[in-house]
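J.: Structure supplied as start-v6.tsv; contents: TSV, C-alpha atoms.
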```
chain	number	residue	atom	x	y	z
A	1	PRO	CA	14.94	-70.10	-19.41
A	2	PRO	CA	17.01	-66.93	-19.21
A	3	PRO	CA	16.64	-64.89	-15.99
A	4	PRO	CA	14.21	-61.96	-16.13
A	5	PRO	CA	15.80	-58.62	-17.00
A	6	PRO	CA	16.77	-56.48	-14.00
A	7	PRO	CA	14.34	-53.70	-13.08
A	8	PRO	CA	15.19	-50.28	-14.53
A	9	PRO	CA	17.25	-48.08	-12.21
A	10	ALA	CA	15.23	-45.73	-10.05
A	11	SER	CA	14.99	-42.25	-11.40
A	12	PRO	CA	17.09	-39.77	-9.43
A	13	PHE	CA	13.99	-37.56	-9.42
A	14	SER	CA	11.61	-40.13	-8.00
A	15	LEU	CA	9.96	-39.04	-4.77
A	16	SER	CA	9.36	-42.48	-3.31
A	17	PRO	CA	10.55	-46.06	-3.85
A	18	VAL	CA	6.90	-47.13	-3.51
A	19	GLU	CA	5.10	-47.46	-6.81
A	20	ALA	CA	2.19	-45.10	-7.36
A	21	ASP	CA	-1.23	-46.63	-6.91
A	22	PRO	CA	-3.19	-45.91	-10.10
A	23	MET	CA	-6.39	-46.01	-8.06
A	24	LEU	CA	-5.42	-42.94	-6.00
A	25	PRO	CA	-6.99	-39.71	-7.28
A	26	ALA	CA	-4.60	-37.17	-8.73
A	27	ALA	CA	-3.66	-34.42	-6.31
A	28	ARG	CA	-5.73	-31.35	-6.93
A	29	ARG	CA	-4.50	-27.80	-6.54
A	30	THR	CA	-6.64	-26.42	-3.76
A	31	GLN	CA	-8.26	-23.04	-4.26
A	32	ARG	CA	-7.13	-20.57	-1.62
A	33	LYS	CA	-10.01	-19.51	0.61
A	34	ILE	CA	-9.96	-15.90	1.76
A	35	PRO	CA	-12.11	-15.25	4.84
A	36	SER	CA	-14.98	-12.93	3.99
A	37	VAL	CA	-14.93	-11.24	7.39
A	38	PRO	CA	-12.09	-9.36	9.10
A	39	TYR	CA	-10.37	-11.15	11.96
A	40	LYS	CA	-10.19	-7.90	13.92
A	41	VAL	CA	-12.10	-4.61	13.91
A	42	LEU	CA	-10.66	-1.67	15.83
A	43	ASP	CA	-12.23	1.68	16.61
A	44	ALA	CA	-10.43	4.68	15.11
A	45	PRO	CA	-12.23	7.78	16.43
A	46	ALA	CA	-11.99	10.86	14.16
A	47	LEU	CA	-10.46	8.98	11.21
A	48	GLN	CA	-11.14	11.49	8.45
A	49	ASP	CA	-13.36	10.76	5.45
A	50	ASP	CA	-11.09	12.64	3.02
A	51	PHE	CA	-10.11	11.00	-0.27
A	52	TYR	CA	-6.91	13.04	-0.61
A	53	LEU	CA	-5.23	11.99	2.66
A	54	HIS	CA	-3.03	8.99	3.57
A	55	LEU	CA	-3.56	8.31	7.27
A	56	VAL	CA	-2.66	4.63	7.75
A	57	ASP	CA	0.70	2.87	7.23
A	58	TRP	CA	2.27	-0.36	8.51
A	59	SER	CA	6.01	-0.50	9.24
A	60	SER	CA	8.63	-3.15	8.56
A	61	THR	CA	8.92	-3.50	12.36
A	62	ASN	CA	5.21	-4.43	12.60
A	63	VAL	CA	3.86	-1.15	13.98
A	64	LEU	CA	0.77	0.51	12.56
A	65	ALA	CA	0.68	4.32	12.41
A	66	VAL	CA	-2.68	6.08	12.16
A	67	GLY	CA	-3.40	9.80	11.92
A	68	LEU	CA	-6.46	10.77	13.93
A	69	GLY	CA	-7.22	14.48	13.97
A	70	ALA	CA	-4.18	16.28	15.37
A	71	CYS	CA	-2.54	13.09	16.69
A	72	VAL	CA	-0.57	10.11	15.42
A	73	TYR	CA	-1.17	6.85	17.27
A	74	LEU	CA	0.93	3.69	17.06
A	75	TRP	CA	-0.13	0.05	17.53
A	76	SER	CA	2.59	-2.50	18.19
A	77	ALA	CA	1.65	-5.87	16.76
A	78	CYS	CA	4.19	-7.50	19.07
A	79	THR	CA	2.77	-6.13	22.34
A	80	SER	CA	-0.71	-4.92	21.27
A	81	LYS	CA	0.23	-1.67	22.98
A	82	VAL	CA	-1.27	1.61	21.81
A	83	THR	CA	0.78	4.79	22.20
A	84	LYS	CA	0.31	8.40	21.17
A	85	LEU	CA	3.36	9.51	19.18
A	86	CYS	CA	2.51	13.20	18.79
A	87	ASP	CA	-0.14	15.88	19.06
A	88	LEU	CA	0.04	18.74	16.54
A	89	GLY	CA	-2.29	20.98	18.54
A	90	GLN	CA	-4.15	23.27	16.15
A	91	GLU	CA	-2.83	21.47	13.07
A	92	THR	CA	-4.16	18.27	11.52
A	93	VAL	CA	-2.29	15.15	10.48
A	94	THR	CA	-2.79	14.74	6.72
A	95	SER	CA	-0.39	11.87	5.91
A	96	VAL	CA	1.82	9.26	7.55
A	97	CYS	CA	4.52	7.12	5.91
A	98	TRP	CA	7.10	4.76	7.38
A	99	ALA	CA	10.61	4.51	5.97
A	100	GLN	CA	11.11	1.13	4.31
A	101	ARG	CA	13.33	-0.06	7.17
A	102	GLY	CA	13.67	0.99	10.76
A	103	THR	CA	11.51	3.22	12.90
A	104	HIS	CA	11.49	6.59	11.11
A	105	LEU	CA	7.99	7.91	10.43
A	106	ALA	CA	7.22	10.89	8.21
A	107	VAL	CA	4.15	12.94	9.14
A	108	GLY	CA	2.56	15.47	6.78
A	109	THR	CA	0.56	18.33	8.25
A	110	SER	CA	-2.30	20.62	7.30
A	111	VAL	CA	0.04	23.65	7.25
A	112	GLY	CA	2.43	22.17	4.69
A	113	GLU	CA	5.16	20.85	6.97
A	114	VAL	CA	6.76	17.41	7.02
A	115	GLN	CA	7.95	16.06	10.35
A	116	VAL	CA	10.29	13.08	10.71
A	117	TRP	CA	9.95	11.12	13.95
A	118	ASP	CA	11.95	8.29	15.47
A	119	ALA	CA	8.99	6.28	16.65
A	120	ALA	CA	11.06	3.93	18.79
A	121	LYS	CA	12.30	6.86	20.87
A	122	ALA	CA	9.15	9.00	20.44
A	123	SER	CA	11.41	11.87	19.40
A	124	LEU	CA	10.96	14.50	16.69
A	125	LEU	CA	14.10	14.47	14.54
A	126	ARG	CA	13.31	17.41	12.26
A	127	THR	CA	10.60	19.54	10.71
A	128	MET	CA	10.84	20.51	7.04
A	129	GLY	CA	8.95	23.20	5.16
A	130	GLY	CA	8.61	23.73	1.43
A	131	HIS	CA	4.88	23.58	0.82
A	132	LEU	CA	2.15	26.22	0.91
A	133	GLY	CA	-0.70	23.75	1.44
A	134	ARG	CA	-1.45	20.50	3.23
A	135	VAL	CA	0.80	17.50	2.61
A	136	GLY	CA	-1.57	14.67	1.70
A	137	THR	CA	0.93	12.10	0.41
A	138	LEU	CA	4.46	10.93	1.23
A	139	SER	CA	6.85	8.29	-0.11
A	140	TRP	CA	10.33	7.14	0.95
A	141	SER	CA	13.18	5.70	-1.09
A	142	GLY	CA	16.07	4.99	1.26
A	143	PRO	CA	17.00	8.36	2.85
A	144	SER	CA	15.05	10.22	0.16
A	145	LEU	CA	11.59	11.42	1.12
A	146	SER	CA	9.11	12.92	-1.34
A	147	SER	CA	6.04	14.90	-0.34
A	148	GLY	CA	3.03	15.92	-2.41
A	149	SER	CA	0.82	18.87	-1.57
A	150	ARG	CA	-2.37	20.73	-2.27
A	151	ASP	CA	-0.07	23.48	-3.56
A	152	ARG	CA	0.41	21.19	-6.63
A	153	THR	CA	4.14	20.63	-6.07
A	154	ILE	CA	6.31	17.69	-5.03
A	155	CYS	CA	9.27	18.34	-2.72
A	156	MET	CA	12.24	15.98	-3.03
A	157	ARG	CA	14.12	15.73	0.26
A	158	ASP	CA	17.20	14.01	1.65
A	159	VAL	CA	16.73	13.63	5.40
A	160	ARG	CA	20.54	13.44	5.89
A	161	SER	CA	21.14	16.94	4.49
A	162	ALA	CA	20.38	20.30	6.09
A	163	PRO	CA	18.18	21.94	3.39
A	164	PRO	CA	14.46	21.22	3.83
A	165	PHE	CA	14.30	20.00	0.23
A	166	THR	CA	16.74	19.37	-2.60
A	167	SER	CA	14.37	20.11	-5.50
A	168	GLN	CA	10.74	20.91	-6.24
A	169	LEU	CA	8.82	19.16	-9.01
A	170	VAL	CA	6.19	21.25	-10.77
A	171	GLY	CA	3.86	19.59	-13.25
A	172	HIS	CA	0.46	18.88	-11.73
A	173	LYS	CA	-2.24	21.53	-12.14
A	174	GLN	CA	-4.18	20.51	-9.02
A	175	GLU	CA	-3.47	18.79	-5.69
A	176	VAL	CA	-0.92	15.96	-5.72
A	177	CYS	CA	-2.83	13.09	-4.11
A	178	GLY	CA	-0.67	10.04	-4.88
A	179	LEU	CA	3.09	9.40	-4.65
A	180	ARG	CA	4.95	6.11	-4.84
A	181	TRP	CA	8.62	5.31	-5.38
A	182	ALA	CA	9.47	2.21	-7.40
A	183	HIS	CA	11.01	-0.56	-5.29
A	184	ASP	CA	14.47	-0.01	-6.81
A	185	GLY	CA	14.28	3.78	-6.43
A	186	SER	CA	14.66	4.37	-10.15
A	187	GLN	CA	11.32	6.14	-10.71
A	188	LEU	CA	8.71	8.11	-8.78
A	189	ALA	CA	5.05	7.94	-9.79
A	190	SER	CA	2.75	10.84	-8.95
A	191	GLY	CA	-0.99	11.17	-9.35
A	192	GLY	CA	-3.01	14.36	-9.20
A	193	ASN	CA	-6.49	15.74	-8.85
A	194	ASP	CA	-5.90	16.96	-12.42
A	195	ASN	CA	-6.41	13.30	-13.51
A	196	LYS	CA	-2.75	13.07	-14.57
A	197	LEU	CA	-0.19	10.37	-13.85
A	198	PHE	CA	3.46	11.43	-14.09
A	199	ILE	CA	6.68	9.41	-13.85
A	200	TRP	CA	9.80	11.21	-12.60
A	201	SER	CA	13.47	10.29	-12.36
A	202	PRO	CA	15.28	10.72	-9.00
A	203	HIS	CA	17.27	13.72	-10.23
A	204	GLY	CA	15.22	15.37	-12.99
A	205	THR	CA	12.71	18.17	-12.51
A	206	SER	CA	10.50	17.43	-15.54
A	207	PRO	CA	8.35	14.31	-15.90
A	208	LEU	CA	9.87	11.43	-17.83
A	209	LEU	CA	6.38	10.25	-18.78
A	210	ARG	CA	2.93	11.85	-18.75
A	211	PHE	CA	-0.22	9.75	-18.88
A	212	SER	CA	-3.66	11.35	-19.31
A	213	ASP	CA	-5.91	8.29	-19.64
A	214	HIS	CA	-7.68	8.59	-16.28
A	215	THR	CA	-10.79	10.79	-16.15
A	216	ALA	CA	-10.75	11.45	-12.38
A	217	ALA	CA	-8.23	12.02	-9.58
A	218	VAL	CA	-5.34	9.53	-9.43
A	219	LYS	CA	-4.67	8.65	-5.79
A	220	ALA	CA	-4.11	4.88	-5.95
A	221	LEU	CA	-0.63	3.85	-7.11
A	222	ALA	CA	1.27	0.56	-6.71
A	223	TRP	CA	4.47	-0.79	-8.30
A	224	SER	CA	4.68	-4.52	-8.91
A	225	PRO	CA	7.30	-6.27	-6.78
A	226	HIS	CA	7.38	-9.03	-9.41
A	227	GLN	CA	8.25	-7.05	-12.56
A	228	ASN	CA	10.35	-3.91	-12.84
A	229	GLY	CA	8.52	-0.97	-14.37
A	230	LEU	CA	5.02	-2.44	-13.96
A	231	LEU	CA	2.77	0.19	-12.36
A	232	ALA	CA	-0.90	0.03	-11.41
A	233	SER	CA	-2.95	3.21	-11.00
A	234	GLY	CA	-6.56	3.81	-9.98
A	235	GLY	CA	-8.98	6.62	-10.78
A	236	GLY	CA	-11.64	8.34	-8.71
A	237	THR	CA	-15.43	8.42	-8.93
A	238	ALA	CA	-15.78	9.61	-12.54
A	239	ASP	CA	-13.18	7.07	-13.76
A	240	ARG	CA	-13.38	3.89	-11.61
A	241	CYS	CA	-10.61	2.21	-13.62
A	242	ILE	CA	-7.47	0.35	-12.64
A	243	ARG	CA	-4.85	0.87	-15.33
A	244	PHE	CA	-1.53	-0.90	-15.85
A	245	TRP	CA	1.57	0.67	-17.36
A	246	ASN	CA	5.03	-0.41	-18.41
A	247	THR	CA	7.10	2.63	-17.48
A	248	GLN	CA	10.25	1.17	-19.07
A	249	THR	CA	8.64	1.13	-22.50
A	250	ALA	CA	6.23	4.04	-21.84
A	251	THR	CA	3.22	1.94	-22.81
A	252	ALA	CA	-0.31	1.53	-21.49
A	253	LEU	CA	-0.92	-2.20	-20.97
A	254	SER	CA	-4.56	-2.67	-19.95
A	255	ALA	CA	-7.48	-1.13	-18.10
A	256	LEU	CA	-10.38	-2.48	-16.05
A	257	ASP	CA	-13.54	-0.63	-15.04
A	258	THR	CA	-14.12	-1.67	-11.41
A	259	GLY	CA	-17.53	0.00	-11.13
A	260	SER	CA	-16.59	2.26	-8.21
A	261	GLN	CA	-14.08	4.88	-7.04
A	262	VAL	CA	-10.58	3.38	-6.66
A	263	CYS	CA	-9.07	4.65	-3.39
A	264	ASN	CA	-6.01	2.42	-2.96
A	265	LEU	CA	-3.98	-0.30	-4.62
A	266	CYS	CA	-1.56	-2.69	-2.97
A	267	TRP	CA	0.42	-5.46	-4.64
A	268	SER	CA	1.10	-8.76	-2.87
A	269	CYS	CA	4.75	-9.62	-2.41
A	270	THR	CA	4.03	-13.36	-2.08
A	271	VAL	CA	1.75	-14.00	-5.09
A	272	ASN	CA	1.08	-12.13	-8.33
A	273	GLU	CA	-2.12	-10.52	-7.08
A	274	LEU	CA	-3.18	-7.09	-5.97
A	275	VAL	CA	-5.84	-5.68	-3.71
A	276	SER	CA	-7.91	-2.55	-4.33
A	277	SER	CA	-10.12	-0.59	-1.98
A	278	HIS	CA	-13.13	1.35	-3.15
A	279	GLY	CA	-15.46	4.20	-2.34
A	280	TYR	CA	-18.58	5.34	-4.11
A	281	SER	CA	-20.61	3.40	-4.39
A	282	GLN	CA	-19.74	-0.06	-3.08
A	283	ASN	CA	-17.21	0.57	-0.25
A	284	GLN	CA	-15.60	-2.82	-0.88
A	285	ILE	CA	-12.14	-4.40	-1.03
A	286	VAL	CA	-11.31	-6.61	-4.00
A	287	VAL	CA	-8.46	-9.08	-4.50
A	288	TRP	CA	-7.45	-9.50	-8.16
A	289	ARG	CA	-5.23	-12.02	-9.95
A	290	TYR	CA	-2.74	-10.42	-12.33
A	291	SER	CA	-2.78	-10.28	-15.31
A	292	SER	CA	-6.16	-11.88	-15.96
A	293	MET	CA	-7.77	-9.52	-13.39
A	294	ALA	CA	-10.05	-12.33	-12.31
A	295	LYS	CA	-11.62	-11.57	-8.94
A	296	VAL	CA	-10.17	-13.76	-6.20
A	297	ALA	CA	-12.37	-12.28	-3.45
A	298	THR	CA	-14.64	-9.34	-2.64
A	299	LEU	CA	-14.62	-8.18	0.98
A	300	SER	CA	-17.40	-6.04	2.42
A	301	GLY	CA	-18.12	-4.55	5.82
A	302	HIS	CA	-17.14	-0.88	5.80
A	303	THR	CA	-20.13	1.44	5.73
A	304	MET	CA	-18.20	4.34	4.18
A	305	ARG	CA	-15.62	4.51	1.41
A	306	VAL	CA	-12.44	2.55	2.13
A	307	LEU	CA	-9.94	5.40	1.90
A	308	TYR	CA	-6.97	3.79	3.63
A	309	LEU	CA	-5.12	0.53	3.03
A	310	ALA	CA	-1.81	-0.91	4.20
A	311	LEU	CA	-0.03	-4.27	3.97
A	312	SER	CA	1.54	-6.08	6.93
A	313	PRO	CA	5.31	-6.67	6.80
A	314	ASP	CA	4.82	-10.43	6.39
A	315	GLY	CA	2.65	-9.74	3.35
A	316	GLN	CA	-0.35	-11.74	4.55
A	317	THR	CA	-2.68	-9.14	6.08
A	318	VAL	CA	-4.18	-5.91	4.81
A	319	VAL	CA	-5.63	-3.33	7.12
A	320	SER	CA	-8.35	-1.05	5.77
A	321	GLY	CA	-9.63	2.20	7.20
A	322	ALA	CA	-12.71	4.26	6.46
A	323	GLY	CA	-14.65	7.30	7.56
A	324	ASP	CA	-16.89	4.91	9.50
A	325	GLU	CA	-14.07	5.22	12.08
A	326	THR	CA	-13.05	1.56	11.97
A	327	LEU	CA	-9.89	-0.29	11.02
A	328	ARG	CA	-10.47	-3.80	9.71
A	329	PHE	CA	-7.81	-6.50	9.45
A	330	TRP	CA	-8.18	-9.08	6.67
A	331	ASN	CA	-6.21	-12.27	6.03
A	332	VAL	CA	-5.79	-11.99	2.29
A	333	PHE	CA	-2.47	-13.31	0.94
A	334	PRO	CA	-0.60	-16.58	1.56
A	335	GLN	CA	2.61	-16.92	3.54
A	336	ALA	CA	5.85	-16.38	1.68
A	337	ARG	CA	7.26	-19.53	3.34
A	338	ARG	CA	6.57	-21.72	6.33
A	339	THR	CA	7.38	-20.26	9.72
A	340	THR	CA	7.53	-21.82	13.14
A	341	GLY	CA	6.24	-20.63	16.48
A	342	ASP	CA	3.02	-18.95	17.42
A	343	GLU	CA	1.08	-17.24	14.65
A	344	ALA	CA	-0.94	-14.96	16.90
A	345	ALA	CA	-3.03	-12.38	15.09
A	346	PRO	CA	-1.58	-8.89	15.43
A	347	PHE	CA	-3.34	-6.46	17.76
A	348	SER	CA	-5.31	-9.35	19.23
A	349	ARG	CA	-5.82	-7.53	22.53
A	350	ALA	CA	-6.28	-3.99	21.24
A	351	TYR	CA	-9.81	-2.81	20.61
A	352	THR	CA	-9.59	0.93	20.29
A	353	VAL	CA	-7.12	3.66	19.60
A	354	ARG	CA	-7.65	5.79	22.63
```
Could you write out this file's structure as structure tokens?

T.:
Amino acid sequence: PPPPPPPPPASPFSLSPVEADPMLPAARRTQRKIPSVPYKVLDAPALQDDFYLHLVDWSSTNVLAVGLGACVYLWSACTSKVTKLCDLGQETVTSVCWAQRGTHLAVGTSVGEVQVWDAAKASLLRTMGGHLGRVGTLSWSGPSLSSGSRDRTICMRDVRSAPPFTSQLVGHKQEVCGLRWAHDGSQLASGGNDNKLFIWSPHGTSPLLRFSDHTAAVKALAWSPHQNGLLASGGGTADRCIRFWNTQTATALSALDTGSQVCNLCWSCTVNELVSSHGYSQNQIVVWRYSSMAKVATLSGHTMRVLYLALSPDGQTVVSGAGDETLRFWNVFPQARRTTGDEAAPFSRAYTVR
């Protein structure tokens, strides 16, 4: 009889020379489990219960800045050391914002000034005026720094140049309570207590786009890191909605009624999900899958509205702050890629600010 035909050549894409056992169950995609309790709770005495302020931010160098009364405190995730950066005396800290890279921290004050600090050297680099009311929101884009105030204006600044600001944007009719530069620096989103959402270009002084769909203050703003021009915005107590916009085509995409005041939004850089924090009446944190807006997790524990939210530089942890004077650290998002070495939780030996 003729010899049996030779076996077919192995596929160049085959993972193993061993034949698959048909009795083995097919590999299932495991559902990610998000812990329902924070892995760390820190005391933050005098953390203000004020919807219009931005008092917590996490730097690219893994340092958390928190405004408490007249002072800014820093936590180093590397050393768990707590340091006081500054004390404004009779003034109050109303916003903090780290530059995207490095150790420069912008601090907004109750008298309308913006200070820029080199946190690594604990030195004040400059103080800039331009506002007649408190500065409740700040956003960097490279060396450009924008500040929003109760005086209803936005000051555009270049920290390399001598003038305190390069231009002033006038459009909102009430306090500017949200500011966020797009990741590529091409657009600035602003939200106001007038329920308006505006989109500005880096060099113009009139809004490129005006959206009036929200029915309460627009503080929460977040640009998608996965799609250029995709913006999420959240409305206050009378609105409760998260809305999505394509700012490149000037279109409203979708809206979701969350059932409670939207205080903050933060997009994951590792998966296409976002996290929202809420006030009246549920004081919760919710992780959402985009674009279905299916709930991935609901996190509870704060006893007052969750006014502050920041994402760790590795993209895995969010820290939340509330008027209950606590900061809570939650493991929410997956790793971007595998790392080696110790994965010690940040701030594992720090229990209080001061």

J.: For atom CA of Leu231 of chain A and atom CA of Trp245 of chain A, quote the distance in Å rounded to one decimal.

T.: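 So the answer is 5.2 Å.
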
J.: Go ahead and compute the interatomic distance for atom CA of Gln227 of chain A and atom CA of Pro202 of chain A, in Å to one decimal.

T.: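 According to the coordinates, atom CA of Gln227 of chain A and atom CA of Pro202 of chain A are separated by 19.4 Å.
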
J.: Using all atoms listed in the file, which residues sit within 9 Å of Gln248 of chain A once same-chain residues fewer than 2 positions away are excluded, as a ChimeraX atom specification?

T.: /A:228-230,245-246,250-251

J.: Report, in Å to a single decimal, how far apart atom CA of Ser60 of chain A and atom CA of Ile34 of chain A are.

T.: 23.5 Å

J.: Using only C-alpha atoms, determine which residues lie at most 6 Å from segment 282-290 of chain A, disregarding the query and same-chain residues fewer than 5 positions distant; provide the list as JSON, numbers by chain.

T.: {"A": [272, 273, 274, 275, 276, 277, 295, 296, 297, 298, 299, 300, 304, 305, 306]}

J.: Mind dumping the selected residues with C-alpha atoms as a PDB file, in the frame of the given file?

T.:
```pdb
ATOM      1  CA  ASN A 272       1.080 -12.130  -8.330  1.00  0.00           C
ATOM      2  CA  GLU A 273      -2.120 -10.520  -7.080  1.00  0.00           C
ATOM      3  CA  LEU A 274      -3.180  -7.090  -5.970  1.00  0.00           C
ATOM      4  CA  VAL A 275      -5.840  -5.680  -3.710  1.00  0.00           C
ATOM      5  CA  SER A 276      -7.910  -2.550  -4.330  1.00  0.00           C
ATOM      6  CA  SER A 277     -10.120  -0.590  -1.980  1.00  0.00           C
ATOM      7  CA  LYS A 295     -11.620 -11.570  -8.940  1.00  0.00           C
ATOM      8  CA  VAL A 296     -10.170 -13.760  -6.200  1.00  0.00           C
ATOM      9  CA  ALA A 297     -12.370 -12.280  -3.450  1.00  0.00           C
ATOM     10  CA  THR A 298     -14.640  -9.340  -2.640  1.00  0.00           C
ATOM     11  CA  LEU A 299     -14.620  -8.180   0.980  1.00  0.00           C
ATOM     12  CA  SER A 300     -17.400  -6.040   2.420  1.00  0.00           C
ATOM     13  CA  MET A 304     -18.200   4.340   4.180  1.00  0.00           C
ATOM     14  CA  ARG A 305     -15.620   4.510   1.410  1.00  0.00           C
ATOM     15  CA  VAL A 306     -12.440   2.550   2.130  1.00  0.00           C
TER      16      VAL A 306
END
```

J.: For Leu55 of chain A, which residue among A:Ser146, A:Gln261, A:Ser76, A:Ser320 is the nearest when counting all atoms listed in the file?

T.: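 For Leu55 of chain A, the nearest of the given residues is A:Ser320.
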
J.: Hey, can you pull every residue with an atom no more than 12 Å from (9.3, 20.6, 4.6), using all atoms listed in the file, and send it as an NGL selection string?

T.: :A and (106-116 or 126-135 or 138 or 145-149 or 153-159 or 162-168)

J.: Compare A:Ala182, A:Ala217, A:Cys177, A:Ala322 by their minimum atom-to-atom distance to Thr247 of chain A, counting all atoms listed in the file, and give me the closest one.

T.: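 So, comparing all the options, the nearest one is A:Ala182.
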
J.: Might you pull out every residue within 12 Å of Gly67 of chain A, with only C-alpha atoms counted and same-chain residues fewer than 2 positions away left off, and present them as a PyMOL selection string?

T.: chain A and resi 44-49+53-57+64-65+69-75+84-88+91-97+105-110+136+308+321+325+353

J.: Between A:Arg180, A:Lys40, A:Lys173, A:Lys196, which residue has the minimum interatomic distance to Ala216 of chain A, considering all atoms listed in the file?

T.: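 Going through A:Arg180, A:Lys40, A:Lys173, A:Lys196 one by one, the smallest distance to Ala216 of chain A is for A:Lys196.
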
J.: So which one's closest to Ala189 of chain A, A:Thr270, A:Ser281, A:Ser292, A:Thr137? Using all atoms listed in the file, please.

T.: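 Once distances to Ala189 of chain A are computed over all atoms listed in the file, the minimum belongs to A:Thr137.
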
J.: Go through A:Ser139, A:Ser36, A:Gln174, A:Ser144 one by one, measure the shortest atom-to-atom distance of each to His203 of chain A using all atoms listed in the file, and give the residue with the smallest value.

T.: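 Closest candidate: A:Ser144.
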
J.: When you count all atoms listed in the file, which of these residues is closest to Ala294 of chain A: A:Thr258, A:Thr79, A:Gly315, A:Val66?

T.: A:Thr258

J.: Can you write segment 77-88 of chain A from the block above with N, CA, C and O atoms, as a PDB file, in the first residue's frame?

T.:
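Dumped to out04.pdb:
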```pdb
ATOM      1  N   ALA A  77       4.515  59.305  47.386  1.00  0.00           N
ATOM      2  CA  ALA A  77       4.189  57.878  47.358  1.00  0.00           C
ATOM      3  C   ALA A  77       5.438  57.024  47.478  1.00  0.00           C
ATOM      4  O   ALA A  77       5.363  55.872  47.883  1.00  0.00           O
ATOM      5  N   CYS A  78       6.592  57.594  47.125  1.00  0.00           N
ATOM      6  CA  CYS A  78       7.839  56.825  47.173  1.00  0.00           C
ATOM      7  C   CYS A  78       8.346  56.676  48.607  1.00  0.00           C
ATOM      8  O   CYS A  78       8.854  55.621  48.979  1.00  0.00           O
ATOM      9  N   THR A  79       8.185  57.723  49.421  1.00  0.00           N
ATOM     10  CA  THR A  79       8.740  57.698  50.779  1.00  0.00           C
ATOM     11  C   THR A  79       7.671  57.701  51.856  1.00  0.00           C
ATOM     12  O   THR A  79       7.991  57.547  53.041  1.00  0.00           O
ATOM     13  N   SER A  80       6.402  57.915  51.471  1.00  0.00           N
ATOM     14  CA  SER A  80       5.288  58.083  52.416  1.00  0.00           C
ATOM     15  C   SER A  80       5.485  59.297  53.315  1.00  0.00           C
ATOM     16  O   SER A  80       4.870  59.394  54.375  1.00  0.00           O
ATOM     17  N   LYS A  81       6.333  60.219  52.888  1.00  0.00           N
ATOM     18  CA  LYS A  81       6.614  61.398  53.696  1.00  0.00           C
ATOM     19  C   LYS A  81       5.575  62.478  53.424  1.00  0.00           C
ATOM     20  O   LYS A  81       5.159  62.689  52.281  1.00  0.00           O
ATOM     21  N   VAL A  82       5.162  63.154  54.483  1.00  0.00           N
ATOM     22  CA  VAL A  82       4.224  64.269  54.377  1.00  0.00           C
ATOM     23  C   VAL A  82       4.981  65.570  54.648  1.00  0.00           C
ATOM     24  O   VAL A  82       5.682  65.686  55.648  1.00  0.00           O
ATOM     25  N   THR A  83       4.843  66.532  53.736  1.00  0.00           N
ATOM     26  CA  THR A  83       5.496  67.829  53.945  1.00  0.00           C
ATOM     27  C   THR A  83       4.504  68.949  53.689  1.00  0.00           C
ATOM     28  O   THR A  83       3.567  68.797  52.903  1.00  0.00           O
ATOM     29  N   LYS A  84       4.709  70.062  54.384  1.00  0.00           N
ATOM     30  CA  LYS A  84       3.909  71.253  54.136  1.00  0.00           C
ATOM     31  C   LYS A  84       4.651  72.101  53.107  1.00  0.00           C
ATOM     32  O   LYS A  84       5.785  72.513  53.333  1.00  0.00           O
ATOM     33  N   LEU A  85       4.016  72.341  51.960  1.00  0.00           N
ATOM     34  CA  LEU A  85       4.660  73.134  50.908  1.00  0.00           C
ATOM     35  C   LEU A  85       4.561  74.619  51.197  1.00  0.00           C
ATOM     36  O   LEU A  85       5.535  75.360  51.053  1.00  0.00           O
ATOM     37  N   CYS A  86       3.374  75.081  51.624  1.00  0.00           N
ATOM     38  CA  CYS A  86       3.209  76.522  51.834  1.00  0.00           C
ATOM     39  C   CYS A  86       2.058  76.793  52.791  1.00  0.00           C
ATOM     40  O   CYS A  86       1.191  75.946  53.003  1.00  0.00           O
ATOM     41  N   ASP A  87       2.078  77.988  53.337  1.00  0.00           N
ATOM     42  CA  ASP A  87       1.021  78.485  54.216  1.00  0.00           C
ATOM     43  C   ASP A  87       0.687  79.897  53.759  1.00  0.00           C
ATOM     44  O   ASP A  87       1.543  80.780  53.778  1.00  0.00           O
ATOM     45  N   LEU A  88      -0.549  80.098  53.307  1.00  0.00           N
ATOM     46  CA  LEU A  88      -0.955  81.391  52.746  1.00  0.00           C
ATOM     47  C   LEU A  88      -1.403  82.388  53.809  1.00  0.00           C
ATOM     48  O   LEU A  88      -1.837  83.491  53.465  1.00  0.00           O
TER      49      LEU A  88
END
```
